[in-house]
Every structure is written in structure tokens, then in C-alpha cells.
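These notes are about the structure you will find just below.
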2 protein chains.
Amino acid sequence: MPLLGLLPRRAWASLLSQLLRPPCASCTGAVRCQSQGTRDLSPQHMVVREKILDLVISCFKRHGAKGMDTPAFELKETLTEKYGEDSGLMYDLKDQGGELLSLRYDLTVPFARYLAMNKVKKMKRYHVGKVWRRESPTIVQGRYREFCQCDFDIAGQFDPMIPDAECLKIMCEILSGLQLGDFLIKVNDRRIVDGMFAVCGVPESKFRAICSSIDKLDKMAWKDVRHEMVVKKGLAPEVADRIGDYVQCHGGVSLVEQMFQDPRLSQNKQALEGLGDLKLLFEYLTLFGIADKISFDLSLARGLDYYTGVIYEAVLLQTPTQAGEEPLNVGSVAAGGRYDGLVGMFDPKGHKVPCVGLSIGVERIFYIVEQRMKTKGEKVRTTETQVFVATPQKNFLQERLKLIAELWDSGIKAEMLYKNNPKLLTQLHYCESTGIPLVVIIGEQELKEGVIKIRSVASREEVAIKRENFVAEIQKRLSES
Amino acid sequence: MPLLGLLPRRAWASLLSQLLRPPCASCTGAVRCQSQGTRDLSPQHMVVREKILDLVISCFKRHGAKGMDTPAFELKETLTEKYGEDSGLMYDLKDQGGELLSLRYDLTVPFARYLAMNKVKKMKRYHVGKVWRRESPTIVQGRYREFCQCDFDIAGQFDPMIPDAECLKIMCEILSGLQLGDFLIKVNDRRIVDGMFAVCGVPESKFRAICSSIDKLDKMAWKDVRHEMVVKKGLAPEVADRIGDYVQCHGGVSLVEQMFQDPRLSQNKQALEGLGDLKLLFEYLTLFGIADKISFDLSLARGLDYYTGVIYEAVLLQTPTQAGEEPLNVGSVAAGGRYDGLVGMFDPKGHKVPCVGLSIGVERIFYIVEQRMKTKGEKVRTTETQVFVATPQKNFLQERLKLIAELWDSGIKAEMLYKNNPKLLTQLHYCESTGIPLVVIIGEQELKEGVIKIRSVASREEVAIKRENFVAEIQKRLSES
């Protein structure tokens with residue numbers, strides 16, 4: 001240790017990161033093959049992802065959102081001072097041509113930059129894309145340095161809490177639709193958080209730092225968060241204790257009423273504004289039929305700098321534990337809030353465009369669904385092939401090529417083995433192992449009789465169909481199944 | 001200019017890049033908002049992309065491919081020495097933790113790394129994803145530094161030319177399906193290229209460099225390519241002229257036969273192997289019914305280092321020029337080839353996995369389709385909203401929220417304005433301008449009578465439906481339309 005202590009900080013980090021590298025199946029000691037904290041997505045992963053993303057995107061479209069995309073990297077200056085304590089986790093690009101660039105850290109800041117740059121005053125958009133964060137990889141919980149985010153945001157000046165309520169409705173629709181088990185959405189307001197800090201005696205210069213500490217309450221005990229606030233961030237112990245009283249409070253709309261009466265909080269203008277909006281929000285959530293899923297929670301702070309109003313975070317209450325299924329602790333699976341000042345930061349004249357949005361933590365959802373499938377021993381097909389073209393005899397490559405081209409040209413998903421003379425058993429095994437339901441067979445007898453044999457892989461039944469009708473017959477069978 | 005000459009190379013590049021920056025709508029001189037050569041994709045772009053990518057992906061699936069994804073960045077060593085002269089165009093990441101990383105330059109090298117790392121010996125996969133190249137941005141032709149690629153590859157040891165023929169079939173299916181007008185696929189073989197170099201007297205050490213020059217023949221005249229080969233790359237003029245004779249040749253299978261008889265080429269073992277494979281390929285292409293789309297073209301070289309056998313490139317012959325449509329020169333729209341050695345470069349023991357694949361140049365295709373739509377004045381809907389919830393009176397927010405939640409919960413795509421008391425005309429205008437076909441209207445009269453009015457935006461007809469039946473009625477109308 002004393003020796004290591006002599007190394008410069010950077011060399012230390014490098015050494016440590018190499019020690020922490022997860023082992024790689026094919027690497028010898030000398031060969032490294034992938035950047036740490038990243039991974040490939042196999043066909044099995046992709047099938048699960050595609051299903052989940054389809055559900056998420058169709059919900060976003062149901063709410064009238066338009067699609068959009070931004071580049072993987074932004075000018076570094078676009079991203080700085082937006083993420084509070086997490087800014088150090090940004091990936092920077094090497095300066096190869098006079099521009100300082102960073103990989104995007106979320107989809108929200110690029111969206112705000114887009115609105116300002118194009119002078120868009122109103123927009124409801126969704127964005128599904130990768131983001132990158134240099135977090136120490138704790139791969140156990142499905143946390144990677146490259147991950148997918150699914151964002152929905154509403155930009156524009158509207159009457160209060162209507163778009164905000166829709167964001168919560170969307171989170172409910174998605175989490176219900178994915179059947180992940182019971183969930184709860186914690187709600188708070190940045191103005192209530194700041195008001196609480198003010199009335200507890202936190203100096204204004206420490207607001208964001210203390211906010212980051214509070215944000216850790218879902219992973220750390222109050223004792224440890226208090227320790228961080230007092231020892232690391234220099235907060236007076238009695239101030240920390242006052243905060244401690246508040247952050248234990250959570251409940252429904254009645255807690256909102258209760259806080260209106262709170263002797264300290266009710267003296268703070270900001271907090272009152274936040275409470276007023278939350279009251280209205282609960283009214284709309286009741287009309288949407290989702291108020292029972294929402295909990296006003298004073299411990300919710302959200303670490304990011306850019307929030308200005310309502311904030312929320314969805315947590316899974318439990319995952320249905322089948323026999324043998326390990327209980328999963330995945331933390332928050334969706335989150336978001338209102339950020340009315342961010343767009344103005346990119347506008348040369350500071351013109352503001354109020355925004356509210358949400359982000360679905362799809363990586364965690366992928367992980368849960370994959371774990372559940374693993375426990376159940378569920379298998380997924382990684383291809384969609386409907387028909388296999390086979391032959392029992394040698395020298396039938398030409399006929400197979402003609403047949404498969406006909407199938408492809410008719411829009412039928414078809415495969416064959418890339419062999420001149422494959423064995424029939426090999427061909428049928430391939431269908432069984434990959435789940436292809438139908439086989440068309442061409443051999444000497446079929447050629448002589450001008451027919452094609454169609455075989456059902458499941459029942460092993462075979463029928464002969466006239467050569468000229470075989471595509472139609474297959475289409476009929478596929479439409480029936 | 002003399003002054004500028006004194007600047008260090010890097011400062012020069014930086015200055016130049018700033019001068020070349022395309023002007024940005026919202027930037028003042030002091031504010032830069034996006035990295036050069038990149039761009040945002042607006043909802044209009046996204047709709048076009050989604051349609052084209054759907055067609056491409058469904059073709060890949062029709063041929064039995066599995067989906068896959070790899071990280072945006074790889075260890076730099078994975079990517080080095082794979083791309084010939086283009087290697088300098090790679091984006092490197094800043095060293096922030098001991099790893100040297102680069103953004104992926106194509107999807108082929110990561111695929112080969114994946115196969116080697118996971119010891120996969122056989123796989124048919126597609127991959128749609130972004131890649132990054134630091135090319136000088138010539139944005140006119142739809143060339144950006146970040147762009148999307150759609151790759152299909154077949155890995156595995158199979159009988160010759162069967163997977164290769166399927167790749168060409170896929171290119172034909174996609175280009176026909178997209179209705180981009182007439183196209184041609186140029187085919188050659190790396191072994192024929194190398195054989196041609198050998199018999200013309202190119203020193204073996206110059207093979208790859210001369211290959212890169214030949215590759216420019218679709219953009220440069222022979223005269224200029226010859227100049228590059230002789231002056232820049234030090235090739236003897238008479239050698240260059242011998243090459244010149246060959247690279248003018250293109251034709252069908254008869255040219256393959258002719259080259260078999262070529263006095264010089266027929267002396268080269270490699271070239272003969274390539275010609276043999278091309279002959280077999282043409283046989284299979286004829287069975288697939290696409291031989292008329294294929295041209296054996298000795299000027300096709302493909303610049304990338306990793307090709308070892310058949311190579312191909314699809315070009316659009318013309319775009320149907322409507323009145324007023326500018327003729328488009330977009331160059332190649334799809335390309336690929338066989339690379340039997342690449343996987344072995346990542347395997348500690350050098351085990352080879354032969355591969356053949358293709359890449360669709362979707363960015364160019366997006367550009368063509370967008371230009372065509374612009375010329376025709378075609379508009380696309382950027383949302384899919386089916387129903388709008390409106391009111392003619394004040395104080396109907398609560399009713400509207402209840403109605404829209406019912407629609408969403410029934411899976412119907414619905415929107416409303418985020419205003420407490422919007423004007424009816426504003427609401428109807430919104431439907432017309434965004435293409436929403438149906439409006440449900442709730443007002444005092446409807447509330448009293450227990451009905452909802454359903455209005456067709458196109459015909460302006462309105463009918464009153466009992467409150468409890470309105471969702472069913474809307475579902476009926478939507479299924480009919």
C-alpha cells in the first residue's frame with residue numbers, strides 16, 4: 001500500500017481498473033478484448049429488448065410523441081455544469097481537430113440544446129438511445145457504462161401540472177404493461193426540497209451538495225447520509241437532524257395538506273408553491289385513476305442540477321418470486337421531473353422553454369425480465385424463420401435455391417443449409433433446434449411428380465402439394481397459425 | 001498565408017475546421033452548439049428512417065438473421081490495422097482511466113471480435129447501429145461523421161458461394177423494395193484484384209496502397225487515379241497502364257469466361273481461384289433470378305484491408321427524375337464482401353471463421369427518399385395520434401382528463417391540449433394541422449345527455465354516442481379506416 005500510494009493518482013486508477021476488470025471468456029492474459037463496463041448484446045438479449053422497447057415506444061406514441069435523435073457526442077461545454085456531482089463520469093473524446101467533445105450522459109440535455117438551437121417553443125418527443133457514464137462497473141445489478149435510455153418529454157408553456165400528470169400516467173402505463181409486479185412512484189418538488197433546506201438552516205451555497213446526499217437515501221441509511229452531510233459537506237449537526245425529521249415523511253395527498261400546516265415549511269414561499277402544485281397534481285392523478293400508485297415522499301431529491309419543479313421516481317415494490325427465484329433489488333426503474341431553466345441555458349438571450357419529462361430505466365427492466373426467464377427456463381427464438389427448404393437427396397442445390405428464392409420473393413421468412421449435399425436428418429434437426437415450424441422438401445420423387453412436400457415440424461405430418469401451388473399453400477398455413 | 005504557415009499543424013487544423021463549420025441557425029459568434037459534421041434527426045427525418053429501416057430489417061429477418069449489438073467504442077487495438085488508409089479517420093476517446101478506446105468505425109470488425117471472443121463458429125446476424133468517422137464533412141451529399149449502418153453477415157465454414165449469393169440476393173431485395181429506381185451491383189474478387197496487380201508488375205508491398213487508389217475510380221477519372229498511383233505511390237508508369245487496360249473491363253458471366261482465357265491473368269493461381277468462384281456465383285445468381293442486376297467489374301477494388309474474396313458494391317443507375325427534381329449523384333448505396341481472415345486476427349490461436357456480408361448505406365438512401373419527398377411536396381405525419389379530446393366550453397378539464405385516460409387505457413392513441421380552457425377552434429386546427437382523424441367532444445350538452453360527440457375531421461360530420469359506448473365506437477371506426 002505505501003508503494004501504491006507513491007503512484008500518481010491516474011496510474012493508481014488505471015492499475016485498479018485493470019485489477020477490477022471482469023474476466024473475459026476468451027482472453028488470455030495478454031489479450032484484452034473489450035472495454036471494461038461494456039458488453040455485447042447477444043441475439044437472446046436483443047429479442048427481450050425488442051419486445052420491451054416496442055411496448056415502451058408504443059406507449060410514447062399513444063401519447064402523441066414524435067421520435068427524435070441527437071448525435072452520440074456533444075460539445076463538452078454543452079454538457080458541463082448540468083449534472084451536479086456526477087459530471088466527472090462523462091466520457092471525453094480525444095482532441096483530434098480542435099473541438100472538445102463528450103459522449104452524451106443523458107438524453108435530456110441534448111433535447112434542451114436541440115430546442116434552443118432550433119428555437120422550438122413546443123414539442124412532445126420521445127427518444128430511445130444509448131448514453132455513456134464512466135461509473136465503476138457493478139455489473140451484478142445490470143449496471144453498465146453504456147446503456148439505453150427511453151425518454152419522453154413535453155416542452156412548452158402550458159397550464160400547470162397537466163403535462164406533469166401525463167408523465168406519471170405514462171410511467172404507470174409502461175410499468176403495468178410490462179407486468180413487473182407492484183410499483184410505487186415517489187413524488188416530490190425541487191422547490192419543497194429547497195424550501196425544506198432553507199427552513200432547516202442549510203446555507204444556500206450548499207443546497208445542491210446536500211441535495212446529492214439526500215438523493216442517496218434509497219441506497220444508504222439515514223445515519224450514513226447524515227454523516228456525509230456533516231463530515232464531508234460541513235453541515236451543522238442540528239441542521240442535519242432537522243432535515244432528518246422531514247425526510248422520513250411520505251404519504252398521499254393528506255401529507256400535502258399536512259405540510260401546508262407545517263409551522264416551518266409554511267413560512268417558505270418556494271415550498272408553498274411546490275405544495276400547491278402537488279395538490280393540483282394529485283387531483284389530476286385521481287382523474288387518471290392512478291393516485292393510489294403515487295406517494296409524496298420528502299426523501300426524494302434527485303441529484304441532477306437541472307430540475308426546478310416536480311420530481312418523481314418509480315420503484316418496484318417486489319418482483320413476483322417464483323419458486324427458486326432470487327429476490328431482486330433493482331432500485332428505481334423510471335424517473336423524471338420538471339426542468340424549466342435548462343433550455344434557457346442554451347439560448348443566447350436566455351429565453352426559457354419549460355419542460356417536464358421522464359426516463360425509463362430499461363436496462364434494469366431488461367435485467368429483471370431476463371432473470372425471470374432464466375428462472376422459469378423460458379427459451380426465446382432468436383430468429384423468425386417460418387419455412388426451411390430441405391432435400392433428402394444429393395445434387396438438389398439448384399432446386400433448393402430456386403424454391404427458396406420463390407419463398408423470399410413472396411415475403412416468406414426462409415432458410416436452408418449452405419451445403420451442396422446436407423443430410424436430411426441434419427436439416428430436420430436444425431428446424432427443431434431453432435423452432436422453424438414448416439419444412440418444404442424437394443427430392444427425386446417430388447421433382448418427377450411435379451410436387452413439393454410440406455412437412456410440419458411439430459406433428460411430422462407431410463403432404464404433397466403441386467409445385468405451382470406451394471407458395472400459396474404455405475401462406476395459407478402461416479396465416480392460420 | 002505565410003503567417004498561418006507558422007502556426008503548429010494542430011492549431012492550423014483547428015482554425016480551418018472552425019472556418020469550415022457550417023453556419024448554425026441559433027448560434028451567435030460566441031456560442032457554438034454542435035460538433036461539426038454531426039446533426040440532429042428531426043421527427044420528419046425519423047419517420048422516413050423508421051420506414052426504411054423497417055424494410056431493411058424485415059428483409060434481414062426474412063433471411064433468418066438474428067439481431068445483435070456491440071458497444072459504441074472498442075479498445076483501440078481492436079480497430080487498428082483493419083481499415084487501410086482510412087484508419088486516421090477513427091475517433092479516439094480521451095484516456096480517462098488507463099484504457100485506449102475508439103468509437104467503432106464500422107460494424108464488421110466488432111462482429112469479428114465478438115465471434116472470436118465468444119468462440120462462435122457459425123452465425124447469421126444483422127446489426128443496425130451508428131458508426132463514426134472523422135471525414136471532412138461534405139454535408140451536401142448526405143455524408144456525416146456519425147451515421148447509421150445496416151449490416152448482414154454470414155459466418156461459418158460452408159460450401160463455396162452459397163452464402164455469398166444470398167448476400168447479393170438480399171441487396172437486390174432491399175434495393176428493389178425501396179423503389180429507388182434501377183440499380184446495378186458491381187462484383188469482383190480480391191484475389192482477382194491481387195492477381196491483376198501481380199501480373200501487371202505491382203510490387204507486393206504496394207498491393208493495398210494501389211487497391212485504395214483503384215477504389216477511387218468511382219469518384220475520380222482514370223487519369224487522376226493513374227497520377228496518384230505513379231506520383232504519390234511510386235508505381236512505374238507502364239505498370240499503371242497495364243492496370244488501366246484491365247480496370248476498363250466490365251460485363252456479365254461472359255467476361256468471367258474471357259478472363260479465364262486472358263494470357264496474363266490465367267497464369268495467376270489466385271486470380272484463377274477468384275474467377276472460378278465468380279463463375280459459380282453467377283450460376284447461383286441465375287437461379288435466384290438476379291443475374292441481370294450483376295456486373296463483373298475489374299475496377300471494383302474496395303479499400304478496406306480485410307476483404308479476402310468476393311467483393312461487391314451496388315450503385316443506383318438513375319433516380320426517376322420527376323419534373324423539377326435535381327439529378328442525384330449518391331454513389332454506392334450498398335457494399336460488402338468476403339473476409340475470411342478477420343476473425344482469426346482476434347483469436348489467440350488464430351483460428352479462422354470465414355465470413356461474408358453486406359452493409360446497406362442507409363444514410364444515402366434516407367437522403368434520396370427525403371429529397372424525392374421534398375420535390376413532390378409530400379408531407380409526413382410525425383405522430384400517430386388517432387383521437388383528439390376536445391371541449392367547446394370552459395371548465396371541462398376534468399371531463400377531458402377522464403375521457404383521455406379511458407382512451408389511453410384502451411390502447412388508443414390520443415391527445416388533448418394542455419390548457420384549462422382552450423378555444424374549440426384552436427383544438428380543431430390542431431387536429432387538422434397534425435392529421436388527427438377523429439375528435440371526441442365533451443361539453444355541457446353532452447354531459448347533460450350522457451353522450452360524447454364523435455367528429456370526423458375530414459368530413460366534419462358529428463354523431464352523438466352514449467358515454468359508455470364511445471370507446472367501442474371509436475375502436476370500430478379505427479379498425480374500419
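Note on naming: chains are A, B, ... as they come in the C-alpha cells, residues start from 1 per chain, ligands start from 1 in the order shown.
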
- Residue neighbourhood A:Ala472, 12 Å, only C-alpha atoms, exclusion window fewer than 4 positions, as JSON, numbers by chain: {"A": [406, 407, 410, 411, 412, 454, 465, 466, 467, 468, 476, 477, 478, 479]}

If you keep all heavy atoms, can you produce a file of those selected residues as a compact mmCIF listing (two decimals), in the first residue's frame?
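Saved as part12.txt:
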```txt
# COMPACT_ATOMS: atom_id res chain seq x y z
N GLU A 406 -38.14 -18.23 -54.46
CA GLU A 406 -39.59 -18.01 -54.59
C GLU A 406 -40.21 -17.63 -53.25
O GLU A 406 -41.08 -16.76 -53.18
CB GLU A 406 -40.27 -19.29 -55.10
CG GLU A 406 -40.28 -19.40 -56.60
CD GLU A 406 -41.08 -20.63 -57.05
OE1 GLU A 406 -42.29 -20.69 -56.81
OE2 GLU A 406 -40.44 -21.53 -57.63
N LEU A 407 -39.77 -18.32 -52.19
CA LEU A 407 -40.31 -18.01 -50.86
C LEU A 407 -39.92 -16.59 -50.46
O LEU A 407 -40.77 -15.81 -50.03
CB LEU A 407 -39.78 -19.03 -49.84
CG LEU A 407 -40.33 -20.45 -49.98
CD1 LEU A 407 -39.53 -21.43 -49.13
CD2 LEU A 407 -41.81 -20.51 -49.60
N SER A 410 -41.82 -13.97 -52.11
CA SER A 410 -43.21 -13.86 -51.65
C SER A 410 -43.27 -13.34 -50.22
O SER A 410 -44.33 -13.36 -49.59
CB SER A 410 -43.89 -15.23 -51.70
OG SER A 410 -43.67 -15.83 -52.96
N GLY A 411 -42.15 -12.89 -49.70
CA GLY A 411 -42.14 -12.30 -48.36
C GLY A 411 -42.11 -13.32 -47.23
O GLY A 411 -42.34 -12.97 -46.07
N ILE A 412 -41.83 -14.57 -47.55
CA ILE A 412 -41.81 -15.62 -46.53
C ILE A 412 -40.40 -15.76 -45.97
O ILE A 412 -39.42 -15.75 -46.72
CB ILE A 412 -42.32 -16.96 -47.12
CG1 ILE A 412 -43.78 -16.80 -47.53
CG2 ILE A 412 -42.14 -18.10 -46.13
CD1 ILE A 412 -44.30 -17.90 -48.43
N ILE A 454 -44.72 -30.64 -48.08
CA ILE A 454 -44.70 -29.70 -46.95
C ILE A 454 -44.83 -30.50 -45.66
O ILE A 454 -45.74 -31.32 -45.51
CB ILE A 454 -45.86 -28.68 -47.04
CG1 ILE A 454 -45.74 -27.88 -48.35
CG2 ILE A 454 -45.85 -27.73 -45.84
CD1 ILE A 454 -46.76 -26.78 -48.50
N ILE A 465 -47.89 -31.11 -52.36
CA ILE A 465 -48.64 -30.01 -52.98
C ILE A 465 -48.04 -29.78 -54.37
O ILE A 465 -46.82 -29.86 -54.54
CB ILE A 465 -48.47 -28.72 -52.14
CG1 ILE A 465 -48.92 -28.94 -50.68
CG2 ILE A 465 -49.21 -27.55 -52.77
CD1 ILE A 465 -50.40 -29.05 -50.49
N LYS A 466 -48.90 -29.49 -55.33
CA LYS A 466 -48.40 -29.20 -56.68
C LYS A 466 -47.37 -28.07 -56.62
O LYS A 466 -47.57 -27.08 -55.94
CB LYS A 466 -49.56 -28.75 -57.58
CG LYS A 466 -50.27 -29.91 -58.23
CD LYS A 466 -51.17 -29.38 -59.36
CE LYS A 466 -52.02 -30.51 -59.93
NZ LYS A 466 -53.19 -29.96 -60.65
N ARG A 467 -46.29 -28.24 -57.36
CA ARG A 467 -45.19 -27.26 -57.39
C ARG A 467 -45.71 -25.83 -57.52
O ARG A 467 -45.27 -24.93 -56.79
CB ARG A 467 -44.28 -27.61 -58.57
CG ARG A 467 -43.14 -26.65 -58.84
CD ARG A 467 -42.09 -26.77 -57.75
NE ARG A 467 -40.83 -26.10 -58.12
CZ ARG A 467 -40.59 -24.80 -57.98
NH1 ARG A 467 -41.53 -24.01 -57.50
NH2 ARG A 467 -39.43 -24.29 -58.31
N GLU A 468 -46.65 -25.61 -58.43
CA GLU A 468 -47.09 -24.25 -58.70
C GLU A 468 -47.95 -23.66 -57.56
O GLU A 468 -48.14 -22.45 -57.50
CB GLU A 468 -47.82 -24.14 -60.05
CG GLU A 468 -49.05 -25.02 -60.19
CD GLU A 468 -48.72 -26.41 -60.79
OE1 GLU A 468 -47.61 -26.91 -60.51
OE2 GLU A 468 -49.58 -26.97 -61.49
N LYS A 476 -51.13 -19.83 -46.73
CA LYS A 476 -52.38 -20.20 -46.06
C LYS A 476 -52.06 -20.75 -44.67
O LYS A 476 -52.65 -20.31 -43.67
CB LYS A 476 -53.13 -21.24 -46.91
CG LYS A 476 -54.55 -21.50 -46.47
CD LYS A 476 -55.29 -22.36 -47.50
CE LYS A 476 -56.20 -23.35 -46.82
NZ LYS A 476 -55.61 -24.68 -46.62
N ARG A 477 -51.13 -21.69 -44.62
CA ARG A 477 -50.80 -22.30 -43.33
C ARG A 477 -50.26 -21.28 -42.34
O ARG A 477 -50.57 -21.32 -41.15
CB ARG A 477 -49.75 -23.39 -43.53
CG ARG A 477 -50.31 -24.64 -44.16
CD ARG A 477 -49.29 -25.73 -43.99
NE ARG A 477 -49.75 -26.98 -44.53
CZ ARG A 477 -49.41 -28.16 -44.03
NH1 ARG A 477 -48.60 -28.21 -42.99
NH2 ARG A 477 -49.85 -29.26 -44.57
N LEU A 478 -49.43 -20.37 -42.82
CA LEU A 478 -48.82 -19.38 -41.92
C LEU A 478 -49.87 -18.40 -41.39
O LEU A 478 -49.81 -17.97 -40.24
CB LEU A 478 -47.71 -18.62 -42.63
CG LEU A 478 -46.45 -19.44 -42.96
CD1 LEU A 478 -45.50 -18.62 -43.81
CD2 LEU A 478 -45.76 -19.93 -41.70
N SER A 479 -50.84 -18.08 -42.24
CA SER A 479 -51.87 -17.13 -41.80
C SER A 479 -52.81 -17.79 -40.79
O SER A 479 -53.42 -17.11 -39.97
CB SER A 479 -52.64 -16.60 -43.00
OG SER A 479 -53.44 -17.63 -43.54
```

- Task: Pick out the chain A residues within 7 Å of chain B. Count only C-alpha atoms. Give them as a VMD selection string.
- Result: chain A and resid 13 to 14 25 to 26 33 to 35 38 to 43 46 61 to 71 74 to 75 92 to 94 97 to 98 117 to 118 158 to 159 162 to 163 287 to 288 382 to 385 398 401 to 402 405 408 412 to 415 418 to 420

- From the DSSP assignment of the backbone, select every residue of stretch 40-76 of chain B that is strand (DSSP E), and format the answer as a VMD selection string. chain B and resid 66 to 67 73 to 75

- Query: Would you give me, as a PyMOL selection string, the residues in stretch 216-420 of chain A that DSSP reads as helix (DSSP H, G or I)?
  - Reply: chain A and resi 216-218+222-232+237-247+253-261+265-267+269-287+291-293+342-346+362-376+397-409

- Task: One decimal, Å: what's the distance from atom CA of A:Ser212 over to atom CA of A:Ala301, could you say?
- Result: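 Atom CA of A:Ala301 lies 7.4 Å from atom CA of A:Ser212.
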
- Query: What does the distance from atom CA of A:Cys200 to atom CA of A:Gly331 come to in Å, to one decimal?
  - Reply: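 Atom CA of A:Cys200 sits 28.2 Å away from atom CA of A:Gly331.
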
- Query: Between B:Leu178, B:Ala155, B:Cys249, B:Ala458, which is the closest to B:Leu55 once you count only C-alpha atoms?
  - Reply: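 Going through B:Leu178, B:Ala155, B:Cys249, B:Ala458 one by one, the smallest distance to B:Leu55 is for B:Leu178.
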
- Message: Quick one: residues within 8 Å of B:Leu79, only C-alpha atoms, excluding same-chain residues fewer than 6 positions away - as a list in words?
- Response: Ser102, Arg104, Tyr105 and Val109 of chain B

Selected residues written out, N, CA, C and O atoms, as a PDB file, in the first residue's frame:
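That gives us selection.pdb:
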```
ATOM      1  N   SER B 102     -11.632   3.636 -28.916  1.00  0.00           N
ATOM      2  CA  SER B 102     -12.040   4.361 -30.125  1.00  0.00           C
ATOM      3  C   SER B 102     -13.494   4.045 -30.433  1.00  0.00           C
ATOM      4  O   SER B 102     -13.951   2.929 -30.176  1.00  0.00           O
ATOM      5  N   ARG B 104     -16.493   2.965 -32.743  1.00  0.00           N
ATOM      6  CA  ARG B 104     -16.445   1.973 -33.818  1.00  0.00           C
ATOM      7  C   ARG B 104     -16.543   2.660 -35.174  1.00  0.00           C
ATOM      8  O   ARG B 104     -17.261   3.650 -35.335  1.00  0.00           O
ATOM      9  N   TYR B 105     -15.835   2.104 -36.125  1.00  0.00           N
ATOM     10  CA  TYR B 105     -15.674   2.699 -37.453  1.00  0.00           C
ATOM     11  C   TYR B 105     -16.585   1.995 -38.446  1.00  0.00           C
ATOM     12  O   TYR B 105     -16.979   2.541 -39.464  1.00  0.00           O
ATOM     13  N   VAL B 109     -15.823  -5.151 -37.958  1.00  0.00           N
ATOM     14  CA  VAL B 109     -14.725  -5.503 -37.051  1.00  0.00           C
ATOM     15  C   VAL B 109     -15.263  -5.877 -35.657  1.00  0.00           C
ATOM     16  O   VAL B 109     -14.848  -6.899 -35.096  1.00  0.00           O
TER      17      VAL B 109
END
```

- Tell me, as a ChimeraX atom specification, which residues lie within 10 Å of A:Gly252, counting only C-alpha atoms; anything in the same chain fewer than 3 positions away does not count. /A:186-187,255-257,279,282,291-297

Just-selected residues, C-alpha atoms written as a compact mmCIF listing (two decimals), in the first residue's frame:
```
# COMPACT_ATOMS: atom_id res chain seq x y z
CA LYS A 186 -42.40 8.67 -5.27
CA VAL A 187 -43.16 12.32 -5.94
CA LEU A 255 -49.41 14.60 3.63
CA VAL A 256 -49.52 17.51 1.19
CA GLU A 257 -52.27 19.08 3.33
CA LYS A 279 -52.11 19.30 -4.63
CA PHE A 282 -52.91 14.71 -7.11
CA ALA A 291 -53.43 8.29 -7.39
CA ASP A 292 -53.02 5.04 -5.42
CA LYS A 293 -49.69 4.41 -7.18
CA ILE A 294 -48.22 7.76 -6.10
CA SER A 295 -46.53 8.63 -2.82
CA PHE A 296 -45.47 12.13 -1.78
CA ASP A 297 -42.03 11.42 -0.36
```
